[in-house]
Each structure stands twice: as structure tokens, then as C-alpha cells.
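For reference, protein_25.cif (mmCIF, C-alpha atoms):
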data_upload
#
loop_
_atom_site.label_atom_id
_atom_site.label_comp_id
_atom_site.auth_asym_id
_atom_site.auth_seq_id
_atom_site.Cartn_x
_atom_site.Cartn_y
_atom_site.Cartn_z
CA MET U 1 150.68 87.80 60.39
CA ASP U 2 150.49 90.13 63.43
CA HIS U 3 149.10 93.51 62.46
CA LEU U 4 150.01 96.67 64.33
CA LYS U 5 148.09 97.24 67.52
CA PRO U 6 145.90 100.37 67.72
CA GLU U 7 148.35 102.09 70.06
CA GLU U 8 151.21 101.37 67.65
CA VAL U 9 149.25 102.89 64.77
CA VAL U 10 148.58 105.97 66.91
CA ASP U 11 152.23 106.33 67.91
CA ILE U 12 153.46 106.01 64.32
CA ALA U 13 150.79 108.34 62.93
CA GLU U 14 151.56 110.95 65.58
CA GLY U 15 155.27 110.61 64.90
CA THR U 16 156.25 109.55 68.42
CA ARG U 17 157.48 106.26 67.01
CA ALA U 18 159.49 105.80 63.83
CA GLU U 19 158.07 103.72 61.01
CA SER U 20 161.37 101.91 60.85
CA SER U 21 160.71 100.50 64.29
CA ALA U 22 157.80 98.50 62.81
CA PRO U 23 159.16 96.37 59.95
CA HIS U 24 155.70 94.90 59.53
CA LEU U 25 154.57 98.15 57.91
CA SER U 26 156.70 97.61 54.85
CA THR U 27 154.94 94.34 54.08
CA CYS U 28 151.35 95.06 55.16
CA GLU U 29 149.16 97.27 53.02
CA LEU U 30 146.33 97.16 55.58
CA CYS U 31 148.49 98.62 58.35
CA ARG U 32 150.00 101.21 55.99
CA THR U 33 146.46 102.28 55.09
CA GLN U 34 145.52 102.58 58.75
CA VAL U 35 148.50 104.80 59.47
CA ARG U 36 147.78 106.92 56.38
CA GLU U 37 144.11 107.35 57.29
CA MET U 38 144.96 108.17 60.87
CA ARG U 39 147.30 110.92 59.69
CA ALA U 40 144.63 112.27 57.36
CA MET U 41 142.12 112.38 60.22
CA LEU U 42 144.59 114.07 62.52
CA SER U 43 145.00 116.77 59.91
CA ALA U 44 141.27 117.07 59.24
CA VAL U 45 140.29 117.33 62.88
CA ALA U 46 143.05 119.70 63.92
CA ASP U 47 142.50 123.45 63.91
CA VAL U 48 138.76 123.25 64.35
CA ASP U 49 138.16 126.07 66.79
CA VAL U 50 135.30 126.54 69.17
CA PRO U 51 133.18 129.51 68.07
CA GLU U 52 134.20 132.52 70.08
CA PRO U 53 131.33 133.68 72.27
CA SER U 54 130.43 137.31 72.72
CA PRO U 55 133.21 139.29 74.45
CA LEU U 56 130.69 140.05 77.17
CA PHE U 57 130.20 136.37 77.86
CA TRP U 58 133.31 135.85 79.97
CA ASP U 59 132.41 138.38 82.63
CA ARG U 60 128.87 137.08 82.61
CA LEU U 61 130.18 133.58 83.24
CA SER U 62 132.31 134.84 86.13
CA THR U 63 129.30 136.60 87.60
CA ARG U 64 127.18 133.47 87.30
CA VAL U 65 129.85 131.41 89.03
CA ARG U 66 130.22 134.03 91.78
CA ASP U 67 126.46 134.07 92.36
CA ALA U 68 126.28 130.28 92.38
CA VAL U 69 129.14 130.05 94.87
CA ALA U 70 127.51 132.69 97.08
CA ALA U 71 124.25 130.77 96.99
CA GLN U 72 126.12 127.65 98.07
CA THR U 73 127.75 129.31 101.05
CA PRO U 74 125.07 130.89 103.27
CA SER U 75 126.28 132.64 106.37
CA ARG U 76 126.48 129.98 109.08
CA PRO U 77 128.88 131.28 111.69
CA TRP U 78 128.50 128.37 114.08
CA ALA U 79 128.86 125.84 111.28
CA ASP U 80 131.88 127.70 109.98
CA LEU U 81 133.31 127.81 113.45
CA TRP U 82 133.11 124.04 113.49
CA THR U 83 135.29 123.85 110.42
CA TRP U 84 137.90 126.26 111.75
CA PRO U 85 141.17 125.06 113.14
CA ARG U 86 140.61 123.11 116.29
CA ALA U 87 142.45 125.77 118.30
CA VAL U 88 139.58 128.20 117.78
CA VAL U 89 137.11 126.25 119.87
CA PRO U 90 139.21 126.16 123.03
CA ALA U 91 140.07 129.78 122.36
CA ALA U 92 136.43 130.77 122.28
CA VAL U 93 135.66 128.72 125.38
CA GLY U 94 138.66 130.15 127.18
CA ILE U 95 137.77 133.72 126.33
CA ALA U 96 134.16 133.16 127.29
CA VAL U 97 135.30 131.82 130.66
CA VAL U 98 137.65 134.77 131.22
CA VAL U 99 135.02 137.31 130.15
CA ALA U 100 132.42 135.67 132.34
CA ALA U 101 134.83 135.58 135.26
CA VAL U 102 135.60 139.27 134.88
CA LEU U 103 131.93 140.15 134.59
CA LEU U 104 130.91 138.05 137.54
CA GLY U 105 133.85 139.18 139.60
CA SER U 106 133.14 142.85 139.01
CA ARG U 107 129.52 142.50 140.10
CA ALA U 108 129.76 140.42 143.18
CA PRO U 109 132.77 140.99 145.40
CA VAL U 110 132.83 138.56 148.28
CA PRO U 111 135.01 138.25 151.34
CA PRO U 112 138.18 136.23 150.88
CA VAL U 113 137.94 132.59 151.65
CA PRO U 114 140.38 131.55 154.38
CA GLY U 115 143.33 129.74 152.88
CA ALA U 116 142.55 130.71 149.31
CA PRO U 117 144.90 132.90 147.21
CA ALA U 118 144.23 136.61 147.57
CA VAL U 119 143.43 137.09 143.88
CA ALA U 120 140.62 134.59 144.19
CA ALA U 121 138.87 136.82 146.65
CA ASN U 122 136.84 138.33 143.86
CA ALA U 123 135.58 135.03 142.68
CA VAL U 124 131.88 134.47 143.02
CA ASN U 125 130.48 132.17 145.62
CA ASP U 126 127.10 133.68 146.18
CA ARG U 127 125.02 133.04 143.08
CA ASP U 128 122.12 135.10 144.30
CA ALA U 129 124.33 138.17 144.17
CA LEU U 130 124.56 137.80 140.40
CA GLY U 131 120.97 138.74 139.88
CA THR U 132 120.60 135.82 137.50
CA PRO U 133 120.14 132.86 139.80
CA ASP U 134 118.32 130.83 137.18
CA ASP U 135 120.91 131.17 134.44
CA ALA U 136 122.36 127.67 134.21
CA SER U 137 125.28 128.67 132.01
CA LEU U 138 126.34 131.45 134.36
CA ASN U 139 126.06 129.13 137.31
CA PHE U 140 128.20 126.64 135.46
CA VAL U 141 130.84 129.26 134.69
CA ALA U 142 130.67 130.46 138.29
CA ASP U 143 131.38 126.94 139.46
CA LEU U 144 134.34 126.70 137.12
CA THR U 145 135.83 130.04 138.07
CA ALA U 146 134.99 130.23 141.78
CA GLY U 147 138.45 129.26 142.93
CA LEU U 148 140.43 130.17 139.84
CA ASP U 149 142.61 133.16 139.11
CA TRP U 150 144.93 133.87 136.19
CA ASP U 151 148.12 133.06 138.11
CA ALA U 152 146.69 129.77 139.28
CA ALA U 153 145.62 129.01 135.72
CA SER U 154 149.11 129.84 134.46
CA GLU U 155 150.71 127.64 137.11
CA ALA U 156 148.42 124.85 136.06
CA GLY U 157 149.67 125.24 132.51
CA LEU U 158 146.33 126.38 131.14
CA THR U 159 147.82 129.44 129.48
CA ALA U 160 150.81 127.73 127.89
CA GLY U 161 151.45 127.52 124.12
CA GLY U 162 148.68 125.69 122.35
CA SER U 163 146.15 127.07 124.82
CA ALA U 164 143.32 129.51 124.20
CA GLU U 165 145.68 132.46 124.62
CA HIS U 166 148.08 131.02 122.11
CA ALA U 167 145.25 130.17 119.71
CA VAL U 168 143.83 133.69 119.80
CA THR U 169 147.17 135.20 118.89
CA HIS U 170 147.43 132.88 115.93
CA LEU U 171 143.97 133.30 114.42
CA ARG U 172 143.46 134.45 110.87
CA ASP U 173 141.79 137.79 110.23
CA ALA U 174 138.43 136.30 109.32
CA GLU U 175 138.53 134.08 112.38
CA LEU U 176 139.39 136.98 114.66
CA ARG U 177 136.54 139.04 113.23
CA GLU U 178 134.11 136.22 113.80
CA LEU U 179 135.40 135.61 117.31
CA ALA U 180 135.08 139.31 118.15
CA ARG U 181 131.53 139.25 116.84
CA LEU U 182 130.66 136.23 118.95
CA ILE U 183 132.14 137.77 122.09
CA LYS U 184 130.31 141.06 121.51
CA GLU U 185 127.13 139.14 120.99
CA GLU U 186 127.69 137.20 124.19
CA VAL U 187 128.59 140.30 126.19
CA ALA U 188 125.54 142.15 124.86
CA ARG U 189 123.33 139.23 125.76
CA SER U 190 124.69 139.16 129.31
CA GLY U 191 123.91 142.88 129.62
CA ALA U 192 127.44 143.97 130.47
CA MET D 1 133.39 143.14 85.98
CA ILE D 2 134.90 142.84 89.39
CA THR D 3 138.61 143.26 89.18
CA ALA D 4 140.44 140.67 91.19
CA ASP D 5 142.63 141.91 93.97
CA LEU D 6 145.86 143.15 92.45
CA ALA D 7 147.80 141.49 95.24
CA LEU D 8 146.42 138.16 94.07
CA ALA D 9 147.35 138.66 90.45
CA GLY D 10 150.94 137.59 90.91
CA LEU D 11 150.14 134.40 92.76
CA ASP D 12 151.04 131.09 91.21
CA GLU D 13 148.54 128.23 91.25
CA PRO D 14 149.33 126.70 94.65
CA ALA D 15 149.32 130.12 96.30
CA LEU D 16 146.07 131.02 94.60
CA VAL D 17 144.46 127.81 95.81
CA GLU D 18 145.69 128.58 99.32
CA ALA D 19 144.22 132.08 99.04
CA CYS D 20 140.89 130.57 98.00
CA LEU D 21 140.95 128.23 100.98
CA GLU D 22 141.67 131.15 103.29
CA GLY D 23 138.62 132.88 101.89
CA ARG D 24 140.52 135.86 100.53
CA PRO D 25 138.12 138.05 98.58
CA GLY D 26 138.61 137.79 94.85
CA ALA D 27 140.81 134.71 94.97
CA PHE D 28 138.27 132.31 93.51
CA ASP D 29 137.21 134.98 91.01
CA LEU D 30 140.77 135.08 89.78
CA LEU D 31 140.93 131.30 89.55
CA VAL D 32 137.77 131.35 87.43
CA GLU D 33 139.15 134.14 85.30
CA ARG D 34 142.31 132.19 84.57
CA HIS D 35 140.59 128.97 83.59
CA ARG D 36 137.17 129.94 82.27
CA ARG D 37 138.09 129.93 78.59
CA THR D 38 139.68 126.48 78.74
CA VAL D 39 136.79 125.06 80.73
CA TYR D 40 134.21 126.60 78.41
CA GLN D 41 135.97 125.27 75.31
CA LEU D 42 136.17 121.80 76.83
CA CYS D 43 132.45 121.87 77.60
CA TYR D 44 131.57 123.29 74.21
CA ARG D 45 133.39 120.52 72.41
CA PHE D 46 131.50 117.99 74.46
CA VAL D 47 128.01 119.36 74.00
CA GLY D 48 128.28 121.37 70.78
CA ASN D 49 126.21 124.38 71.79
CA HIS D 50 126.78 127.58 73.69
CA GLU D 51 123.94 127.42 76.20
CA ASP D 52 124.80 123.99 77.55
CA ALA D 53 128.52 124.76 77.48
CA SER D 54 127.83 127.86 79.55
CA ASP D 55 125.75 125.95 82.11
CA LEU D 56 128.32 123.17 82.31
CA SER D 57 131.17 125.64 82.79
CA GLN D 58 129.36 127.15 85.73
CA ASP D 59 128.79 123.68 87.15
CA VAL D 60 132.47 122.80 86.76
CA PHE D 61 133.58 125.84 88.75
CA LEU D 62 130.94 125.31 91.39
CA ARG D 63 132.13 121.75 91.91
CA ALA D 64 135.69 122.96 91.94
CA PHE D 65 134.81 125.45 94.68
CA ARG D 66 133.15 122.75 96.74
CA GLY D 67 136.04 120.35 96.27
CA LEU D 68 138.89 122.80 96.65
CA LYS D 69 139.62 121.54 100.16
CA SER D 70 140.36 118.11 98.73
CA PHE D 71 142.75 119.49 96.11
CA ARG D 72 146.18 118.73 97.50
CA GLY D 73 148.29 119.71 94.55
CA GLN D 74 148.99 116.12 93.55
CA ALA D 75 148.09 117.21 90.02
CA SER D 76 148.17 120.65 88.45
CA LEU D 77 145.11 122.77 89.01
CA SER D 78 144.29 122.67 85.31
CA THR D 79 144.48 118.86 85.22
CA TRP D 80 142.22 118.75 88.26
CA LEU D 81 139.77 121.11 86.56
CA TYR D 82 139.89 118.99 83.40
CA ARG D 83 138.98 115.96 85.49
CA ILE D 84 136.01 117.75 86.99
CA GLY D 85 135.06 119.11 83.58
CA VAL D 86 135.18 115.74 81.86
CA ASN D 87 133.12 114.14 84.63
CA VAL D 88 130.53 116.91 84.52
CA CYS D 89 130.31 116.65 80.73
CA LEU D 90 130.16 112.86 80.69
CA ASN D 91 127.35 112.96 83.25
CA ARG D 92 125.47 115.50 81.19
CA VAL D 93 125.83 113.78 77.82
CA SER D 94 124.71 110.50 79.32
CA ALA D 95 121.68 112.17 80.87
CA LYS D 96 120.23 114.04 77.91
CA THR D 97 120.44 114.55 74.18
CA LEU D 98 121.94 117.92 73.50
CA PRO D 99 121.12 120.20 70.60
CA SER D 100 123.97 120.96 68.25
CA GLU D 101 125.11 124.48 67.47
CA SER D 102 123.18 126.80 65.19
CA ILE D 103 124.75 128.91 62.48
CA ASP D 104 124.14 132.04 64.60
CA GLU D 105 126.57 130.85 67.21
CA ARG D 106 129.44 131.16 64.78
CA GLN D 107 129.17 134.91 64.33
CA PHE D 108 132.00 135.82 66.68
CA GLU D 109 134.71 133.81 65.01
CA ASP D 110 137.64 136.02 64.27
CA ALA D 111 138.53 135.45 60.66
CA ARG D 112 139.96 138.77 59.65
CA ALA D 113 142.78 137.12 57.72
CA GLN D 114 140.46 135.10 55.52
CA SER D 115 138.33 135.87 52.51
CA PRO D 116 134.57 135.53 53.03
CA ASP D 117 134.51 132.34 50.95
CA ASP D 118 137.38 130.76 52.82
CA ARG D 119 135.84 131.77 56.10
CA LEU D 120 132.51 130.23 55.17
CA LEU D 121 134.16 127.01 54.05
CA GLN D 122 136.18 126.76 57.22
CA GLU D 123 133.15 127.46 59.38
CA GLU D 124 131.18 124.76 57.63
CA ARG D 125 133.99 122.27 57.90
CA GLY D 126 134.44 123.12 61.56
CA ALA D 127 130.74 122.72 62.26
CA ARG D 128 130.72 119.31 60.55
CA VAL D 129 133.71 118.11 62.52
CA ARG D 130 132.26 119.36 65.82
CA ALA D 131 128.95 117.70 65.05
CA ALA D 132 130.73 114.44 64.24
CA VAL D 133 132.81 114.62 67.42
CA ALA D 134 129.60 115.18 69.39
CA GLN D 135 128.29 111.86 68.08
CA LEU D 136 131.22 109.80 69.34
CA PRO D 137 130.78 107.54 72.35
CA PRO D 138 131.54 109.55 75.50
CA LYS D 139 134.95 108.06 76.35
CA GLN D 140 136.16 108.32 72.76
CA ARG D 141 134.87 111.86 72.64
CA ALA D 142 136.68 112.81 75.83
CA THR D 143 139.92 111.24 74.61
CA LEU D 144 139.80 112.93 71.23
CA ILE D 145 138.90 116.35 72.66
CA LEU D 146 141.64 116.30 75.27
CA ARG D 147 144.24 115.03 72.80
CA MET D 148 143.44 117.16 69.77
CA TYR D 149 142.21 120.41 71.28
CA HIS D 150 143.79 120.62 74.71
CA GLU D 151 147.16 119.22 73.70
CA MET D 152 147.28 116.74 76.55
CA SER D 153 149.64 113.78 76.45
CA HIS D 154 148.21 110.28 76.51
CA GLN D 155 149.48 109.94 80.08
CA GLU D 156 147.72 113.14 81.16
CA ILE D 157 144.50 111.97 79.53
CA ALA D 158 144.84 108.65 81.33
CA ASP D 159 145.19 110.57 84.61
CA VAL D 160 142.11 112.64 83.88
CA LEU D 161 140.00 109.69 82.79
CA GLY D 162 141.35 107.30 85.37
CA SER D 163 142.46 104.74 82.81
CA SER D 164 145.67 103.38 81.32
CA VAL D 165 147.75 104.89 78.55
CA GLY D 166 147.04 101.83 76.42
CA ALA D 167 143.30 102.27 76.86
CA VAL D 168 143.59 105.96 75.97
CA LYS D 169 145.46 105.18 72.75
CA ALA D 170 142.96 102.47 71.84
CA ASN D 171 140.11 104.89 72.48
CA PHE D 172 141.82 107.49 70.35
CA PHE D 173 142.35 105.00 67.53
CA HIS D 174 138.67 103.99 67.55
CA ALA D 175 137.55 107.62 67.88
CA MET D 176 139.44 108.49 64.71
CA GLY D 177 138.00 105.49 62.90
CA ASN D 178 134.46 106.42 63.89
CA LEU D 179 135.07 110.04 62.99
CA LYS D 180 136.18 109.02 59.53
CA LYS D 181 132.94 107.09 59.05
CA LEU D 182 130.85 109.99 60.33
CA LEU D 183 132.57 112.55 58.13
CA GLY D 184 132.64 110.33 55.06
CA ASP D 185 134.08 112.08 52.04
CA ASP D 186 134.53 115.34 53.92
CA THR D 187 137.96 114.24 54.99
#
As C-alpha cells, please, write out the structure in this file.
Amino acid sequence: MDHLKPEEVVDIAEGTRAESSAPHLSTCELCRTQVREMRAMLSAVADVDVPEPSPLFWDRLSTRVRDAVAAQTPSRPWADLWTWPRAVVPAAVGIAVVVAAVLLGSRAPVPPVPGAPAVAANAVNDRDALGTPDDASLNFVADLTAGLDWDAASEAGLTAGGSAEHAVTHLRDAELRELARLIKEEVARSGA
Amino acid sequence: MITADLALAGLDEPALVEACLEGRPGAFDLLVERHRRTVYQLCYRFVGNHEDASDLSQDVFLRAFRGLKSFRGQASLSTWLYRIGVNVCLNRVSAKTLPSESIDERQFEDARAQSPDDRLLQEERGARVRAAVAQLPPKQRATLILRMYHEMSHQEIADVLGSSVGAVKANFFHAMGNLKKLLGDDT
């Protein structure tokens, strides 16, 4: 004789399956007892509430969670920057290049190079004129921007959609705030 | 109490999760506020005392915060939280023996509609059932708690526990059998 399987007893006791769908029940006292006991237990276990904690507990729990979350997320702007949308990184680099170019250009005007576009006349060729000849990063930026102007960059497609310019106009508020902070920090460091 | 941003209050679950991921102030607070009672009750039924349930609830939300980026809405937020909650509780109950509740912890039950005698009887019966549930093997305990007290279907429980519907029903069947033995004549 095949007795009811545990899942069949559960289904019948919970009422999701009709007793009539299991003819075996009418002939097996053991299975009938199992179904009866299961129903009794369902009734006994139901409606057992969890003791209600103090009404003050809920806000305390929220505060604990908030504190724990805050402790887990220390301020790490560079690490956070890494997790931002990938567009932010080229945006920051692009802006840094533009800012550096403006700063360098405003400090060290040089004669136009024959054959070069007129706008590039302000580009820096003489590193000594910067007053920071040992600054490797400025020298690097100077190399990058020596023959570059905005029009040339545009013609080269560097300012098209998806570029730094595009990325900056599509940043979220928090990202813009952080970017502004980084730029200010960089400008302050360069003494502009 | 910090009141969550009113603009957030009307957000549905997916939008609230998105707001959390964007780092909007108050968004995760609101998520906690919406689910803290359910999570606490789940934890309490697992461990049977307020202090551990409180610690576990905090742990559940902390893990949820850390894992929010991986939540893709494939399940409801509450099912996802249940999954985290069950895992946190199962880890805890396998790691240590937890004290059961004391009589003092029952003082906040709202029983205005009952006579003192009825209230006392119900409290005692409830405490016995909770203590018996706390003695069940972890998987049986999880199945019974989710089925009886969180009104989850067998399929939902299977999703939370990562098992089959058949296994869930078998666990439930054995949980009830063990509970009957533990409660003896009380049933």
C-alpha cells in the first residue's frame, strides 16, 4: 500500500488539494491521522505573535542601521570616483587638461609658430616661463597642449558626444559636486 | 527620528532602490523604515530573543545596503530581504546557542481585547510555541517561519531557500511532526 507522500499530506491539510483527489485516504487510517494531526498543528502554531518591542525600538533600530551604514562608507572620493560611470574619468581628465591649458596659456604667451593655427599662438613652448620647470605633470600637460586649441580639438572629434564635454553635462548632482571639488583642489594646488 | 524625504515617500520599490543607488539622502532610511518590522519579526522567530533579533536585523540591513548594487529586481525587494535575513539567521543559529526570551520581553503585547487570564494563557502558549520552533533544525525552522508567519507560498520559500517546492513541503511536513513532539500535550 502506497501511503501519501509528505507533500501530499501538506497540500491536503492546507486545503490546496481536495481529499477526494486521494482515494487512499478513505482506506488508510495512518494517512488520515497524519492529515488530522497536521491540521491540528497548523491551528496550534498559527496566530503566535512576536512580542511587540518598545515603541521606541523602531527608531532606535533605524538609527543603528544608519550609523552602521555610515561606518561602512568612509569618505573616499578617489575610490568613489573609480566606481562612477566611466564617462566621469575622461571628463575629469579633459577638464584638467583644459584648465591647465588655460592656466599655462595665460601665464606664458609666446610668439606664434610659423605655420601653426593662430589660436595656438598662446600655447606654451617654453617650460622655463612657467616658473615650475620641475613639475612633471605640468610639463606633461604642456606637451599635450602645446599645439592644441579648442577648434582643432573639435575638428579632431575630441569634443563630440560621449566626450568629456558631453560627460560633464550629463553628470549627476553628487558627481558634479565632487568634480567641482576636485577641480578647485587642483586649481588651488597650482596656485591659480 | 529622521523623517525621510517627503519626495521619496511616494516611490515604489524599484524607484526607491534606484534612489538608494543614486545616494539620495534618506532613501535607504525609508527602505529600512518600510521593512524593519518584517525583518525584525523574521529574526525574532529564528532566535527567540529581542537582543539577538535586534542585532540580526541591523546585520540584515547592512548586508542589504552592501549588496544593493547586485539587486536587479529579479525578485521583489521583500523576497530579496527575506533571503538575506534567512541566510543571516541561519549563519547565526549555526554559530552559537541563543538564549530564549524572558517573560519581561512580553510586556508590550497589545492585548486590550482580552481578559488578564486569557492574555496570560495566550502569552504562555505563544512562548511555548516560539521556544519549540527555536529548537527545530535550521532549514525546518526557516520553512515553518516563512510559511506560517510570513504567509509565503511554498514556491516563494523555495526561491528564498534555494531549494525545490517538493523539498520545502517535505521540510514543512517534518517541521510540523517535530513541533508536535516538542509541544507534546500542549497541542
Please identify every residue of chain D that has at least one atom no farther than 9 Å from an atom of chain U, counting only C-alpha atoms, and for each give the shortest atom pair and the distance in Å to one decimal, arranged by chain then increasing number, as CSV.
residue,atom,partner,partner_atom,distance
D:Met1,CA,U:Asp59,CA,5.9
D:Ile2,CA,U:Asp59,CA,8.5
D:Glu22,CA,U:Arg172,CA,8.5
D:Gly23,CA,U:Ala174,CA,8.2
D:Phe28,CA,U:Arg66,CA,8.4
D:Asp29,CA,U:Ser62,CA,6.9
D:Val32,CA,U:Ser62,CA,6.6
D:Glu33,CA,U:Ser62,CA,6.9
D:Arg36,CA,U:Trp58,CA,7.4
D:Arg37,CA,U:Trp58,CA,7.7
D:Gln41,CA,U:Val50,CA,6.3
D:Tyr44,CA,U:Val50,CA,7.1
D:Arg45,CA,U:Val50,CA,7.1
D:Gly48,CA,U:Val50,CA,8.9
D:His50,CA,U:Pro53,CA,7.7
D:Ser54,CA,U:Leu61,CA,7.2
D:Asp55,CA,U:Leu61,CA,8.9
D:Ser57,CA,U:Leu61,CA,8.0
D:Gln58,CA,U:Val65,CA,5.4
D:Asp59,CA,U:Val65,CA,8.0
D:Phe61,CA,U:Val65,CA,6.7
D:Leu62,CA,U:Val69,CA,6.1
D:Phe65,CA,U:Val69,CA,7.3
D:Arg66,CA,U:Val69,CA,8.5
D:Glu105,CA,U:Pro51,CA,6.8
D:Arg106,CA,U:Pro51,CA,5.2
D:Gln107,CA,U:Pro51,CA,7.7
D:Phe108,CA,U:Glu52,CA,5.2
D:Glu109,CA,U:Glu52,CA,5.3
D:Asp110,CA,U:Glu52,CA,7.6
D:Gln122,CA,U:Val48,CA,8.4
D:Glu123,CA,U:Val48,CA,8.6
D:Arg125,CA,U:Val48,CA,8.1
D:Gly126,CA,U:Val48,CA,5.1
D:Ala127,CA,U:Val48,CA,8.3
D:Val129,CA,U:Val45,CA,6.6
D:Arg130,CA,U:Val48,CA,7.7
D:Met148,CA,U:Ala46,CA,6.4
D:Tyr149,CA,U:Ala46,CA,7.4
D:Val165,CA,U:Glu7,CA,9.0
D:Gly166,CA,U:Glu7,CA,6.5
D:Ala167,CA,U:Glu7,CA,8.5
D:Val168,CA,U:Glu7,CA,8.5
D:Lys169,CA,U:Glu7,CA,5.0
D:Ala170,CA,U:Pro6,CA,5.5
D:Asn171,CA,U:Pro6,CA,8.8
D:Phe172,CA,U:Val10,CA,7.7
D:Phe173,CA,U:Pro6,CA,5.8
D:His174,CA,U:Pro6,CA,8.1
D:Met176,CA,U:Met41,CA,6.5
D:Gly177,CA,U:Met38,CA,7.7
D:Leu179,CA,U:Met41,CA,7.9
D:Lys180,CA,U:Met41,CA,6.9
D:Asp186,CA,U:Ala44,CA,8.8
D:Thr187,CA,U:Ala44,CA,6.1
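Atom pair CA of Arg181 in chain U / CA of Leu21 in chain D has a distance of 21.5 Å (rounded to one decimal).
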For the provided coordinates, the residues matched by the PyMOL selection byres ((chain D and resi 93) around 12) should be stated as a PDB file with C-alpha atoms, in the coordinates of the input.
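And here's part.pdb as it stands now:
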ATOM      1  CA  CYS D  43     132.450 121.870  77.600  1.00  0.00           C
ATOM      2  CA  TYR D  44     131.570 123.290  74.210  1.00  0.00           C
ATOM      3  CA  ARG D  45     133.390 120.520  72.410  1.00  0.00           C
ATOM      4  CA  PHE D  46     131.500 117.990  74.460  1.00  0.00           C
ATOM      5  CA  VAL D  47     128.010 119.360  74.000  1.00  0.00           C
ATOM      6  CA  GLY D  48     128.280 121.370  70.780  1.00  0.00           C
ATOM      7  CA  ASP D  52     124.800 123.990  77.550  1.00  0.00           C
ATOM      8  CA  ALA D  53     128.520 124.760  77.480  1.00  0.00           C
ATOM      9  CA  LEU D  56     128.320 123.170  82.310  1.00  0.00           C
ATOM     10  CA  VAL D  86     135.180 115.740  81.860  1.00  0.00           C
ATOM     11  CA  ASN D  87     133.120 114.140  84.630  1.00  0.00           C
ATOM     12  CA  VAL D  88     130.530 116.910  84.520  1.00  0.00           C
ATOM     13  CA  CYS D  89     130.310 116.650  80.730  1.00  0.00           C
ATOM     14  CA  LEU D  90     130.160 112.860  80.690  1.00  0.00           C
ATOM     15  CA  ASN D  91     127.350 112.960  83.250  1.00  0.00           C
ATOM     16  CA  ARG D  92     125.470 115.500  81.190  1.00  0.00           C
ATOM     17  CA  SER D  94     124.710 110.500  79.320  1.00  0.00           C
ATOM     18  CA  ALA D  95     121.680 112.170  80.870  1.00  0.00           C
ATOM     19  CA  LYS D  96     120.230 114.040  77.910  1.00  0.00           C
ATOM     20  CA  THR D  97     120.440 114.550  74.180  1.00  0.00           C
ATOM     21  CA  LEU D  98     121.940 117.920  73.500  1.00  0.00           C
ATOM     22  CA  PRO D  99     121.120 120.200  70.600  1.00  0.00           C
ATOM     23  CA  ALA D 134     129.600 115.180  69.390  1.00  0.00           C
ATOM     24  CA  GLN D 135     128.290 111.860  68.080  1.00  0.00           C
ATOM     25  CA  LEU D 136     131.220 109.800  69.340  1.00  0.00           C
ATOM     26  CA  PRO D 137     130.780 107.540  72.350  1.00  0.00           C
ATOM     27  CA  PRO D 138     131.540 109.550  75.500  1.00  0.00           C
ATOM     28  CA  LYS D 139     134.950 108.060  76.350  1.00  0.00           C
ATOM     29  CA  ARG D 141     134.870 111.860  72.640  1.00  0.00           C
ATOM     30  CA  ALA D 142     136.680 112.810  75.830  1.00  0.00           C
TER      31      ALA D 142
END
Worksheet item: Closest to Ala22 in chain U among U:Ala188, U:Leu176, U:His3, U:Arg36, using only C-alpha atoms?
Response: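 Closest candidate: U:His3.
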Discussion item. Under the rule that all atoms listed in the file are counted, which of D:Gln155, D:Ser78, D:Asn178, D:Ser70 is the nearest residue to Val133 in chain D?
Written reply: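 Under the stated criterion, the closest residue is D:Asn178.
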Discussion item. If I take CA of Ser163 in chain D and CA of Ile84 in chain D, how far is one from the other in Å, to one decimal?
Written reply: 15.1 Å
Might I get the box with edges along x, y and z of the file that holds all atoms of range 53-68 of chain U listed there, padded by 6 Å on every side, given as centre and edge lengths in Å to one decimal, as lines of an AutoDock Vina configuration file?
center_x = 129.8
center_y = 135.2
center_z = 82.3
size_x = 19.0
size_y = 21.8
size_z = 32.1
Practice prompt. Check the smallest atom-to-atom distance from each of U:Glu175, U:Ile12, U:Glu186, U:Ala180 to Ala100 in chain U using only C-alpha atoms, then report the winner.
Written response: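 Under the stated criterion, the closest residue is U:Glu186.
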